[in-house]
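Asker: Next comes the structure file model00.txt, holding compact mmCIF, C-alpha atoms.
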# COMPACT_ATOMS: atom_id res chain seq x y z
CA MET A 215 -83.18 15.12 12.97
CA THR A 216 -81.91 11.63 13.68
CA TYR A 217 -80.03 10.98 16.92
CA LEU A 218 -77.53 8.17 17.34
CA ARG A 219 -78.18 6.20 20.49
CA ILE A 220 -75.00 5.27 22.30
CA THR A 221 -75.49 1.87 23.82
CA GLU A 222 -73.42 0.28 26.55
CA SER A 223 -72.21 -2.42 24.16
CA MET A 224 -70.87 0.25 21.81
CA VAL A 225 -69.00 1.85 24.66
CA GLU A 226 -67.55 -1.52 25.66
CA ARG A 227 -66.43 -2.31 22.11
CA SER A 228 -64.85 1.12 21.77
CA SER A 229 -63.08 0.72 25.11
CA LEU A 230 -61.80 -2.72 24.12
CA ALA A 231 -60.46 -1.32 20.84
CA ASP A 232 -58.70 1.45 22.76
CA ILE A 233 -57.12 -1.12 25.09
CA GLN A 234 -55.88 -3.20 22.17
CA SER A 235 -54.42 -0.12 20.49
CA ALA A 236 -52.69 0.91 23.73
CA ALA A 237 -51.39 -2.65 24.16
CA ARG A 238 -49.86 -2.60 20.65
CA ARG A 239 -48.17 0.74 21.30
CA LEU A 240 -46.89 -0.57 24.62
CA ALA A 241 -45.57 -3.76 22.97
CA ASP A 242 -43.74 -1.70 20.32
CA ALA A 243 -42.20 0.51 22.98
CA GLN A 244 -41.19 -2.55 25.00
CA ARG A 245 -39.53 -4.17 21.97
CA ARG A 246 -37.52 -1.03 21.31
CA VAL A 247 -36.27 -0.96 24.90
CA SER A 248 -35.51 -4.69 25.08
CA SER A 249 -33.85 -4.91 21.64
CA GLY A 250 -32.15 -1.52 21.75
CA ARG A 251 -33.26 -0.95 18.15
CA ASP A 252 -35.48 1.76 16.76
CA LEU A 253 -36.28 -0.29 13.65
CA VAL A 254 -38.18 -3.30 14.91
CA ARG A 255 -39.94 -4.06 11.62
CA PRO A 256 -39.25 -2.82 8.06
CA SER A 257 -42.73 -1.30 8.07
CA ASP A 258 -41.67 1.04 10.89
CA ASP A 259 -39.69 3.12 8.37
CA PRO A 260 -39.20 1.53 4.92
CA LEU A 261 -36.56 4.06 3.80
CA ARG A 262 -34.46 3.62 6.92
CA ALA A 263 -34.95 -0.14 6.74
CA ALA A 264 -33.57 -0.18 3.17
CA LYS A 265 -30.59 1.90 4.29
CA ALA A 266 -30.02 -0.43 7.26
CA ILE A 267 -30.01 -3.49 4.98
CA SER A 268 -27.54 -1.79 2.64
CA LEU A 269 -25.24 -0.98 5.57
CA ARG A 270 -25.45 -4.54 6.85
CA ASN A 271 -24.45 -5.86 3.43
CA GLU A 272 -21.54 -3.44 3.29
CA LEU A 273 -20.48 -4.48 6.79
CA ALA A 274 -20.54 -8.14 5.75
CA LEU A 275 -18.38 -7.34 2.71
CA VAL A 276 -15.87 -5.40 4.82
CA GLY A 277 -15.73 -8.31 7.25
CA GLU A 278 -15.00 -10.71 4.41
CA LEU A 279 -12.25 -8.47 3.05
CA ARG A 280 -10.67 -8.14 6.50
CA GLY A 281 -10.72 -11.93 6.77
CA ASN A 282 -8.89 -12.16 3.43
CA VAL A 283 -6.30 -9.63 4.59
CA ASP A 284 -5.72 -11.43 7.89
CA ASP A 285 -5.36 -14.75 6.07
CA ALA A 286 -2.85 -13.25 3.64
CA ILE A 287 -0.83 -11.61 6.43
CA ASN A 288 -0.61 -14.89 8.33
CA TRP A 289 0.51 -16.60 5.12
CA GLN A 290 3.32 -14.04 4.71
CA GLU A 291 4.43 -14.49 8.31
CA VAL A 292 4.74 -18.26 7.93
CA ALA A 293 6.57 -17.85 4.62
CA ASP A 294 9.00 -15.29 6.01
CA ARG A 295 9.74 -17.46 9.04
CA ALA A 296 10.51 -20.44 6.80
CA LEU A 297 12.75 -18.35 4.53
CA SER A 298 14.54 -16.94 7.56
CA ASN A 299 15.33 -20.48 8.69
CA ILE A 300 16.50 -21.40 5.19
CA GLY A 301 18.75 -18.33 5.27
CA ASP A 302 20.30 -19.53 8.54
CA TYR A 303 20.97 -22.95 6.97
CA LEU A 304 22.61 -21.33 3.94
CA GLN A 305 24.88 -19.23 6.13
CA ARG A 306 25.91 -22.38 7.96
CA ALA A 307 26.52 -24.12 4.63
CA ARG A 308 28.70 -21.21 3.52
CA GLU A 309 30.80 -21.47 6.66
CA LEU A 310 31.21 -25.19 6.05
CA ILE A 311 32.19 -24.69 2.39
CA VAL A 312 34.84 -22.13 3.32
CA GLN A 313 36.12 -24.49 6.01
CA GLY A 314 36.14 -27.51 3.70
CA ALA A 315 37.94 -25.67 0.90
CA ASN A 316 41.03 -25.32 3.10
CA ASP A 317 43.60 -28.09 2.68
CA PRO A 318 44.40 -28.50 6.44
CA VAL A 319 40.91 -29.91 7.04
CA GLY A 320 41.86 -33.20 5.38
CA GLN A 321 39.73 -35.54 3.34
CA ARG A 322 38.04 -37.15 6.36
CA GLY A 323 37.04 -33.72 7.62
CA ARG A 324 35.69 -32.77 4.18
CA GLU A 325 33.56 -35.92 4.07
CA ALA A 326 32.10 -35.07 7.48
CA ILE A 327 31.33 -31.57 6.23
CA ALA A 328 29.67 -33.06 3.13
CA THR A 329 27.47 -35.19 5.39
CA GLU A 330 26.40 -32.10 7.33
CA ILE A 331 25.57 -30.31 4.07
CA ASP A 332 23.38 -33.29 3.12
CA GLN A 333 21.54 -32.79 6.40
CA ILE A 334 21.24 -29.07 5.66
CA ILE A 335 19.67 -29.89 2.30
CA ASP A 336 17.04 -32.07 3.97
CA ALA A 337 16.39 -29.37 6.57
CA ILE A 338 15.95 -26.75 3.84
CA LYS A 339 13.52 -29.00 1.97
CA GLN A 340 11.59 -29.50 5.19
CA GLU A 341 11.33 -25.73 5.62
CA ALA A 342 10.11 -25.49 2.02
CA ASN A 343 7.28 -27.84 3.07
CA ALA A 344 5.98 -25.25 5.54
CA THR A 345 2.22 -25.16 5.87
CA TYR A 346 -0.40 -22.64 6.89
CA ALA A 347 -3.96 -23.74 7.69
CA GLY A 348 -3.24 -27.15 6.17
CA ARG A 349 -1.86 -25.72 2.91
CA TYR A 350 1.69 -25.97 1.58
CA ILE A 351 2.64 -22.33 1.06
CA PHE A 352 5.53 -22.86 -1.39
CA ALA A 353 3.74 -25.31 -3.70
CA GLY A 354 2.02 -22.79 -5.96
CA THR A 355 -1.63 -23.72 -6.38
CA ALA A 356 -0.91 -27.38 -5.52
CA THR A 357 -1.40 -26.56 -1.84
CA GLN A 358 -2.21 -30.15 -0.84
CA THR A 359 1.08 -31.48 -2.24
CA ALA A 360 4.38 -31.25 -0.37
CA PRO A 361 6.82 -29.35 -2.62
CA TYR A 362 9.82 -31.52 -1.71
CA THR A 363 10.66 -34.93 -0.32
CA PRO A 364 13.30 -34.76 2.44
CA GLY A 365 15.68 -37.69 2.09
CA GLY A 366 14.51 -38.22 -1.49
CA PRO A 367 15.10 -36.65 -4.91
CA ASP A 368 15.17 -32.88 -5.27
CA THR A 369 12.21 -32.79 -7.65
CA TYR A 370 9.82 -29.89 -7.09
CA ASN A 371 6.31 -31.34 -6.79
CA GLY A 372 4.39 -28.08 -6.83
CA ASP A 373 3.55 -25.72 -9.69
CA ALA A 374 4.07 -22.10 -10.66
CA GLY A 375 0.43 -21.09 -10.04
CA VAL A 376 -0.48 -17.90 -8.22
CA ILE A 377 -2.95 -17.73 -5.33
CA GLU A 378 -4.65 -14.37 -4.83
CA ARG A 379 -6.85 -12.78 -2.21
CA THR A 380 -9.35 -9.97 -2.75
CA ILE A 381 -8.54 -7.11 -0.37
CA GLY A 382 -10.80 -4.42 -1.82
CA PRO A 383 -13.34 -3.80 -4.58
CA GLY A 384 -11.51 -4.92 -7.71
CA VAL A 385 -8.20 -5.24 -5.83
CA ARG A 386 -6.49 -8.64 -5.69
CA ILE A 387 -3.05 -9.45 -4.34
CA PRO A 388 -0.92 -12.63 -4.65
CA VAL A 389 -0.25 -14.36 -1.33
CA ASN A 390 2.14 -17.08 -2.49
CA VAL A 391 4.79 -14.56 -3.47
CA VAL A 392 7.50 -17.25 -3.42
CA ARG A 393 7.22 -20.64 -5.11
CA GLY A 394 9.66 -23.32 -4.02
CA GLY A 395 10.69 -24.34 -7.50
CA ALA A 396 11.77 -20.80 -8.41
CA LEU A 397 13.88 -20.41 -5.26
CA LEU A 398 15.24 -23.83 -4.36
CA GLY A 399 15.17 -25.36 -7.83
CA GLN A 400 15.26 -29.07 -8.62
CA GLY A 401 18.81 -30.05 -7.83
CA GLN A 402 21.60 -31.32 -10.06
CA VAL A 403 19.26 -32.98 -12.57
CA ALA A 404 17.99 -29.55 -13.56
CA ASN A 405 21.44 -27.96 -13.24
CA ASP A 406 19.64 -24.68 -12.56
CA GLY A 407 22.23 -23.11 -10.27
CA LEU A 408 19.66 -22.66 -7.52
CA ILE A 409 19.99 -23.58 -3.85
CA LEU A 410 19.65 -27.37 -4.01
CA ASP A 411 21.86 -27.64 -7.11
CA THR A 412 24.56 -25.50 -5.49
CA LEU A 413 24.55 -27.47 -2.22
CA ARG A 414 24.60 -30.83 -4.01
CA ASP A 415 27.60 -29.66 -6.06
CA ALA A 416 29.34 -28.54 -2.86
CA ALA A 417 28.77 -31.92 -1.18
CA ASP A 418 30.14 -33.78 -4.21
CA GLN A 419 33.21 -31.54 -4.46
CA LEU A 420 33.92 -32.03 -0.78
CA ARG A 421 33.70 -35.81 -1.13
CA ASN A 422 35.91 -35.88 -4.23
CA GLY A 423 38.51 -33.60 -2.67
CA THR A 424 40.59 -33.17 -5.83
CA PRO A 425 42.51 -29.91 -6.34
CA ALA A 426 40.09 -29.01 -9.14
CA ASP A 427 37.11 -29.67 -6.87
CA LEU A 428 38.58 -27.63 -4.05
CA ASN A 429 39.34 -24.79 -6.44
CA ALA A 430 35.72 -24.89 -7.73
CA LEU A 431 34.51 -24.99 -4.15
CA ARG A 432 36.43 -21.80 -3.34
CA SER A 433 35.34 -19.99 -6.49
CA THR A 434 32.31 -20.93 -8.60
CA THR A 435 30.43 -22.88 -5.91
CA LEU A 436 30.92 -20.23 -3.26
CA GLN A 437 29.90 -17.51 -5.74
CA ALA A 438 26.79 -19.49 -6.69
CA LEU A 439 25.87 -19.85 -3.02
CA ASP A 440 26.28 -16.11 -2.50
CA ARG A 441 23.92 -15.52 -5.42
CA ASN A 442 21.45 -17.95 -3.84
CA ILE A 443 21.66 -16.06 -0.55
CA ASP A 444 21.08 -12.75 -2.36
CA GLU A 445 18.05 -14.22 -4.16
CA LEU A 446 16.68 -15.44 -0.86
CA SER A 447 17.07 -11.93 0.57
CA ARG A 448 15.17 -10.49 -2.41
CA ALA A 449 12.38 -13.03 -1.85
CA ARG A 450 12.12 -12.03 1.80
CA ALA A 451 12.08 -8.34 0.79
CA GLU A 452 9.18 -9.06 -1.60
CA ILE A 453 7.29 -10.83 1.16
CA GLY A 454 7.96 -7.88 3.46
CA ALA A 455 6.62 -5.43 0.88
CA THR A 456 3.51 -7.56 0.39
CA GLN A 457 2.98 -7.75 4.13
CA ARG A 458 3.23 -3.96 4.50
CA ARG A 459 0.70 -3.49 1.72
CA LEU A 460 -1.65 -5.95 3.41
CA GLU A 461 -1.26 -4.25 6.77
CA ALA A 462 -2.09 -0.88 5.19
CA ALA A 463 -5.18 -2.42 3.56
CA GLY A 464 -6.18 -3.97 6.87
CA SER A 465 -5.90 -0.60 8.60
CA ARG A 466 -8.09 1.06 5.96
CA LEU A 467 -10.68 -1.70 6.23
CA ALA A 468 -10.72 -1.40 10.03
CA ASP A 469 -11.43 2.34 9.71
CA LEU A 470 -14.13 1.65 7.13
CA GLU A 471 -15.72 -0.99 9.34
CA LEU A 472 -15.87 1.46 12.25
CA THR A 473 -17.51 4.07 10.02
CA VAL A 474 -20.09 1.62 8.67
CA ARG A 475 -20.87 0.31 12.17
CA THR A 476 -21.40 3.88 13.37
CA LEU A 477 -23.76 4.63 10.48
CA SER A 478 -25.59 1.36 11.05
CA SER A 479 -26.01 2.17 14.73
CA GLN A 480 -27.31 5.64 13.94
CA THR A 481 -29.78 4.12 11.48
CA GLU A 482 -31.07 1.20 13.53
CA ASP A 483 -30.33 1.72 17.19
CA ALA A 484 -32.80 3.41 19.51
CA ASP A 485 -32.14 6.44 21.68
CA MET A 486 -32.45 4.53 24.95
CA ALA A 487 -33.40 7.57 27.05
CA GLU A 488 -36.20 8.40 24.61
CA ALA A 489 -37.23 4.74 24.29
CA ILE A 490 -37.50 4.29 28.06
CA THR A 491 -39.51 7.51 28.40
CA THR A 492 -41.86 6.40 25.62
CA PHE A 493 -42.25 2.97 27.23
CA ALA A 494 -43.14 4.53 30.59
CA SER A 495 -45.65 6.84 28.90
CA GLN A 496 -47.29 3.98 26.98
CA LEU A 497 -47.41 1.85 30.12
CA THR A 498 -49.19 4.62 31.98
CA ALA A 499 -51.66 5.06 29.09
CA TYR A 500 -52.32 1.32 28.96
CA GLN A 501 -52.91 1.07 32.69
CA ALA A 502 -55.26 4.09 32.55
CA ALA A 503 -57.22 2.48 29.72
CA LEU A 504 -57.57 -0.71 31.75
CA ARG A 505 -58.85 1.16 34.79
CA ALA A 506 -61.34 3.20 32.76
CA THR A 507 -62.68 0.15 30.98
CA ALA A 508 -62.93 -1.77 34.23
CA SER A 509 -65.17 0.98 35.63
CA ILE A 510 -67.44 0.91 32.57
CA VAL A 511 -67.77 -2.85 32.54
CA GLN A 512 -68.51 -2.91 36.28
CA THR A 513 -71.32 -0.31 35.89
CA SER A 514 -72.82 -2.22 32.98
CA LEU A 515 -72.95 -5.42 35.00
CA LEU A 516 -74.69 -3.72 37.94
CA ASN A 517 -77.28 -2.29 35.58
CA PHE A 518 -77.88 -5.73 34.15
CA LEU A 519 -78.40 -7.22 37.64
CA ARG A 520 -80.99 -4.62 38.44
Starting from the file, give its structure as structure tokens.
Answerer:
Amino acid sequence: MTYLRITESMVERSSLADIQSAARRLADAQRRVSSGRDLVRPSDDPLRAAKAISLRNELALVGELRGNVDDAINWQEVADRALSNIGDYLQRARELIVQGANDPVGQRGREAIATEIDQIIDAIKQEANATYAGRYIFAGTATQTAPYTPGGPDTYNGDAGVIERTIGPGVRIPVNVVRGGALLGQGQVANDGLILDTLRDAADQLRNGTPADLNALRSTTLQALDRNIDELSRARAEIGATQRRLEAAGSRLADLELTVRTLSSQTEDADMAEAITTFASQLTAYQAALRATASIVQTSLLNFLR
């Protein structure tokens, strides 16, 4: 029978290996406590690590979609505010047209009213140049080009392009619901019966002041302006409907984000009470290993001195 002789060096090497193993376990426990995560490395649990990565990717996607929704909502708010201001200007223009169509105002009064309508036109064009985040919101896809030139011709400088935002998997929604050219038009040159054309006609009729002009002012021009006001109201209603849809999408995404964060936390985060208990246990084991090894090494040295 062969007996294995246990030497002091073998005991020392074994003790050192035990200390290193205890130190690794202690370091792992310490990382879990300090980071608050149960998954420190993918090798800790490959299946859970794969699930955690998938949840992180989903969370990033939800965050991107929420950003798109917030951007679109802000766009609608700026657009609605501008259209509201344009609506106020049109109501003022209507009051002026009714006032100017009455004979007692006199030609000088009608010319003053025409001048104010010119100012209203410039103010409306300025509102149509509203911007959000450095982009002209009524210019179609030509967002770096001002749709109109206040004080200049009534030409629409934008396009009819549609800008969309992705608010869900396979779900896209237009954010530039209103394009300036389709609402304000391009003035008398286009003779399109839209806002700028109607107001320019009104200013000319007020300046001419003939019975035929005043009759047109009271009838066809006023009717055209009422149609413009109705069209503006429909545009604001469309923006309102888009905004409500975006808000509903934002609410759903917020709920989804909360759910994904909860799942991610359950997958990755450590149970702190358990982690602290494990850390304390590993610390005790490590300290015990150090003390035991210190005793062995000290005895070995005394034997050597003898």
Asker: Excluding segment 458-472 of chain A and any residue of its chain fewer than 2 positions from it, enumerate the residues within 8 Å of it, using all atoms listed in the file, and give them as number ranges by chain.
Answerer: A: 273, 276-277, 279-280, 283-284, 286-287, 381, 454-456, 474-476
Asker: Can you tell me, as a PDB file with C-alpha atoms, in the frame of the given file, what residues are no more than 12 Å from Asp415 of chain A when counting only C-alpha atoms, ignoring any on the same chain fewer than 3 positions away?
Answerer:
ATOM      1  CA  ILE A 311      32.190 -24.690   2.390  1.00  0.00           C
ATOM      2  CA  ALA A 328      29.670 -33.060   3.130  1.00  0.00           C
ATOM      3  CA  ILE A 331      25.570 -30.310   4.070  1.00  0.00           C
ATOM      4  CA  ASP A 332      23.380 -33.290   3.120  1.00  0.00           C
ATOM      5  CA  ILE A 335      19.670 -29.890   2.300  1.00  0.00           C
ATOM      6  CA  GLY A 401      18.810 -30.050  -7.830  1.00  0.00           C
ATOM      7  CA  GLN A 402      21.600 -31.320 -10.060  1.00  0.00           C
ATOM      8  CA  VAL A 403      19.260 -32.980 -12.570  1.00  0.00           C
ATOM      9  CA  ASN A 405      21.440 -27.960 -13.240  1.00  0.00           C
ATOM     10  CA  ASP A 406      19.640 -24.680 -12.560  1.00  0.00           C
ATOM     11  CA  GLY A 407      22.230 -23.110 -10.270  1.00  0.00           C
ATOM     12  CA  LEU A 408      19.660 -22.660  -7.520  1.00  0.00           C
ATOM     13  CA  ILE A 409      19.990 -23.580  -3.850  1.00  0.00           C
ATOM     14  CA  LEU A 410      19.650 -27.370  -4.010  1.00  0.00           C
ATOM     15  CA  ASP A 411      21.860 -27.640  -7.110  1.00  0.00           C
ATOM     16  CA  THR A 412      24.560 -25.500  -5.490  1.00  0.00           C
ATOM     17  CA  ASP A 418      30.140 -33.780  -4.210  1.00  0.00           C
ATOM     18  CA  GLN A 419      33.210 -31.540  -4.460  1.00  0.00           C
ATOM     19  CA  LEU A 420      33.920 -32.030  -0.780  1.00  0.00           C
ATOM     20  CA  ARG A 421      33.700 -35.810  -1.130  1.00  0.00           C
ATOM     21  CA  ASN A 422      35.910 -35.880  -4.230  1.00  0.00           C
ATOM     22  CA  ASP A 427      37.110 -29.670  -6.870  1.00  0.00           C
ATOM     23  CA  LEU A 428      38.580 -27.630  -4.050  1.00  0.00           C
ATOM     24  CA  ALA A 430      35.720 -24.890  -7.730  1.00  0.00           C
ATOM     25  CA  LEU A 431      34.510 -24.990  -4.150  1.00  0.00           C
ATOM     26  CA  THR A 434      32.310 -20.930  -8.600  1.00  0.00           C
ATOM     27  CA  THR A 435      30.430 -22.880  -5.910  1.00  0.00           C
ATOM     28  CA  LEU A 436      30.920 -20.230  -3.260  1.00  0.00           C
ATOM     29  CA  ALA A 438      26.790 -19.490  -6.690  1.00  0.00           C
ATOM     30  CA  LEU A 439      25.870 -19.850  -3.020  1.00  0.00           C
TER      31      LEU A 439
END
Asker: If you measure from atom CA of Ser447 of chain A to atom CA of Gly394 of chain A, what distance in Å do you get, rounded to one decimal?
Answerer: 14.3 Å
Asker: Measuring atom to atom with all atoms listed in the file, identify which of A:Gly382, A:Glu330, A:Gly399, A:Glu272 is nearest to Leu477 of chain A.
Answerer: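 That would be A:Glu272, the residue with the smallest distance to Leu477 of chain A.
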Asker: Could you name the residues that touch segment 355-361 of chain A at 7 Å or less, counting all atoms listed in the file, but leaving out those on the same chain fewer than 6 positions away, as a list in words?
Answerer: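 Contacts, in chain order: Ala342, Asn343, Arg349, Tyr370, Asn371, Gly372, Asp373, Gly375, Val376, Ile377 and Gly394 of chain A.
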Asker: Since the input is missing atoms, can you rebuild all heavy atoms for segment 382-393 of chain A and write them as a PDB file, in the frame of the given file?
Answerer:
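Once everything was written out, this is selection.pdb:
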ATOM      1  N   GLY A 382     -10.013  -5.640  -1.605  1.00  0.00           N
ATOM      2  CA  GLY A 382     -10.800  -4.420  -1.820  1.00  0.00           C
ATOM      3  C   GLY A 382     -11.604  -4.590  -3.090  1.00  0.00           C
ATOM      4  O   GLY A 382     -11.374  -5.532  -3.862  1.00  0.00           O
ATOM      5  N   PRO A 383     -12.550  -3.717  -3.342  1.00  0.00           N
ATOM      6  CA  PRO A 383     -13.340  -3.800  -4.580  1.00  0.00           C
ATOM      7  C   PRO A 383     -12.438  -3.750  -5.804  1.00  0.00           C
ATOM      8  O   PRO A 383     -11.793  -2.741  -6.090  1.00  0.00           O
ATOM      9  CB  PRO A 383     -14.249  -2.565  -4.497  1.00  0.00           C
ATOM     10  CG  PRO A 383     -14.327  -2.246  -3.040  1.00  0.00           C
ATOM     11  CD  PRO A 383     -12.986  -2.600  -2.486  1.00  0.00           C
ATOM     12  N   GLY A 384     -12.339  -4.852  -6.517  1.00  0.00           N
ATOM     13  CA  GLY A 384     -11.510  -4.920  -7.710  1.00  0.00           C
ATOM     14  C   GLY A 384     -10.020  -4.993  -7.431  1.00  0.00           C
ATOM     15  O   GLY A 384      -9.211  -4.873  -8.362  1.00  0.00           O
ATOM     16  N   VAL A 385      -9.635  -5.196  -6.196  1.00  0.00           N
ATOM     17  CA  VAL A 385      -8.200  -5.240  -5.830  1.00  0.00           C
ATOM     18  C   VAL A 385      -7.858  -6.642  -5.341  1.00  0.00           C
ATOM     19  O   VAL A 385      -8.408  -7.119  -4.350  1.00  0.00           O
ATOM     20  CB  VAL A 385      -7.873  -4.217  -4.726  1.00  0.00           C
ATOM     21  CG1 VAL A 385      -6.384  -4.280  -4.380  1.00  0.00           C
ATOM     22  CG2 VAL A 385      -8.263  -2.818  -5.167  1.00  0.00           C
ATOM     23  N   ARG A 386      -6.943  -7.300  -6.058  1.00  0.00           N
ATOM     24  CA  ARG A 386      -6.490  -8.640  -5.690  1.00  0.00           C
ATOM     25  C   ARG A 386      -4.972  -8.614  -5.527  1.00  0.00           C
ATOM     26  O   ARG A 386      -4.274  -7.874  -6.226  1.00  0.00           O
ATOM     27  CB  ARG A 386      -6.886  -9.669  -6.744  1.00  0.00           C
ATOM     28  CG  ARG A 386      -8.401  -9.821  -6.888  1.00  0.00           C
ATOM     29  CD  ARG A 386      -8.779 -10.793  -8.000  1.00  0.00           C
ATOM     30  NE  ARG A 386      -8.318 -12.139  -7.734  1.00  0.00           N
ATOM     31  CZ  ARG A 386      -8.962 -13.009  -6.974  1.00  0.00           C
ATOM     32  NH1 ARG A 386     -10.103 -12.664  -6.384  1.00  0.00           N
ATOM     33  NH2 ARG A 386      -8.496 -14.228  -6.783  1.00  0.00           N
ATOM     34  N   ILE A 387      -4.479  -9.433  -4.615  1.00  0.00           N
ATOM     35  CA  ILE A 387      -3.050  -9.450  -4.340  1.00  0.00           C
ATOM     36  C   ILE A 387      -2.580 -10.897  -4.192  1.00  0.00           C
ATOM     37  O   ILE A 387      -3.277 -11.723  -3.596  1.00  0.00           O
ATOM     38  CB  ILE A 387      -2.735  -8.648  -3.056  1.00  0.00           C
ATOM     39  CG1 ILE A 387      -1.231  -8.484  -2.862  1.00  0.00           C
ATOM     40  CG2 ILE A 387      -3.368  -9.276  -1.836  1.00  0.00           C
ATOM     41  CD1 ILE A 387      -0.861  -7.520  -1.750  1.00  0.00           C
ATOM     42  N   PRO A 388      -1.427 -11.258  -4.792  1.00  0.00           N
ATOM     43  CA  PRO A 388      -0.920 -12.630  -4.650  1.00  0.00           C
ATOM     44  C   PRO A 388      -0.415 -12.865  -3.226  1.00  0.00           C
ATOM     45  O   PRO A 388       0.240 -11.992  -2.645  1.00  0.00           O
ATOM     46  CB  PRO A 388       0.209 -12.703  -5.665  1.00  0.00           C
ATOM     47  CG  PRO A 388       0.646 -11.288  -5.861  1.00  0.00           C
ATOM     48  CD  PRO A 388      -0.578 -10.440  -5.677  1.00  0.00           C
ATOM     49  N   VAL A 389      -0.728 -14.035  -2.679  1.00  0.00           N
ATOM     50  CA  VAL A 389      -0.250 -14.360  -1.330  1.00  0.00           C
ATOM     51  C   VAL A 389       0.925 -15.328  -1.367  1.00  0.00           C
ATOM     52  O   VAL A 389       1.761 -15.311  -0.464  1.00  0.00           O
ATOM     53  CB  VAL A 389      -1.389 -14.927  -0.464  1.00  0.00           C
ATOM     54  CG1 VAL A 389      -2.445 -13.877  -0.202  1.00  0.00           C
ATOM     55  CG2 VAL A 389      -2.010 -16.157  -1.092  1.00  0.00           C
ATOM     56  N   ASN A 390       0.982 -16.182  -2.392  1.00  0.00           N
ATOM     57  CA  ASN A 390       2.140 -17.080  -2.490  1.00  0.00           C
ATOM     58  C   ASN A 390       3.213 -16.409  -3.339  1.00  0.00           C
ATOM     59  O   ASN A 390       3.489 -16.793  -4.479  1.00  0.00           O
ATOM     60  CB  ASN A 390       1.737 -18.446  -3.057  1.00  0.00           C
ATOM     61  CG  ASN A 390       1.118 -18.350  -4.441  1.00  0.00           C
ATOM     62  OD1 ASN A 390       0.635 -17.299  -4.840  1.00  0.00           O
ATOM     63  ND2 ASN A 390       1.135 -19.450  -5.177  1.00  0.00           N
ATOM     64  N   VAL A 391       3.796 -15.369  -2.757  1.00  0.00           N
ATOM     65  CA  VAL A 391       4.790 -14.560  -3.470  1.00  0.00           C
ATOM     66  C   VAL A 391       5.972 -15.394  -3.916  1.00  0.00           C
ATOM     67  O   VAL A 391       6.550 -15.167  -4.988  1.00  0.00           O
ATOM     68  CB  VAL A 391       5.270 -13.409  -2.551  1.00  0.00           C
ATOM     69  CG1 VAL A 391       6.347 -12.590  -3.243  1.00  0.00           C
ATOM     70  CG2 VAL A 391       4.097 -12.520  -2.153  1.00  0.00           C
ATOM     71  N   VAL A 392       6.346 -16.402  -3.120  1.00  0.00           N
ATOM     72  CA  VAL A 392       7.500 -17.250  -3.420  1.00  0.00           C
ATOM     73  C   VAL A 392       7.025 -18.666  -3.697  1.00  0.00           C
ATOM     74  O   VAL A 392       6.258 -19.228  -2.922  1.00  0.00           O
ATOM     75  CB  VAL A 392       8.497 -17.254  -2.237  1.00  0.00           C
ATOM     76  CG1 VAL A 392       9.668 -18.187  -2.532  1.00  0.00           C
ATOM     77  CG2 VAL A 392       8.990 -15.841  -1.956  1.00  0.00           C
ATOM     78  N   ARG A 393       7.459 -19.230  -4.813  1.00  0.00           N
ATOM     79  CA  ARG A 393       7.220 -20.640  -5.110  1.00  0.00           C
ATOM     80  C   ARG A 393       8.535 -21.388  -4.951  1.00  0.00           C
ATOM     81  O   ARG A 393       9.591 -20.928  -5.384  1.00  0.00           O
ATOM     82  CB  ARG A 393       6.685 -20.824  -6.542  1.00  0.00           C
ATOM     83  CG  ARG A 393       5.176 -20.867  -6.639  1.00  0.00           C
ATOM     84  CD  ARG A 393       4.576 -19.496  -6.565  1.00  0.00           C
ATOM     85  NE  ARG A 393       4.790 -18.745  -7.782  1.00  0.00           N
ATOM     86  CZ  ARG A 393       4.561 -17.439  -7.912  1.00  0.00           C
ATOM     87  NH1 ARG A 393       4.120 -16.733  -6.875  1.00  0.00           N
ATOM     88  NH2 ARG A 393       4.755 -16.828  -9.046  1.00  0.00           N
TER      89      ARG A 393
END
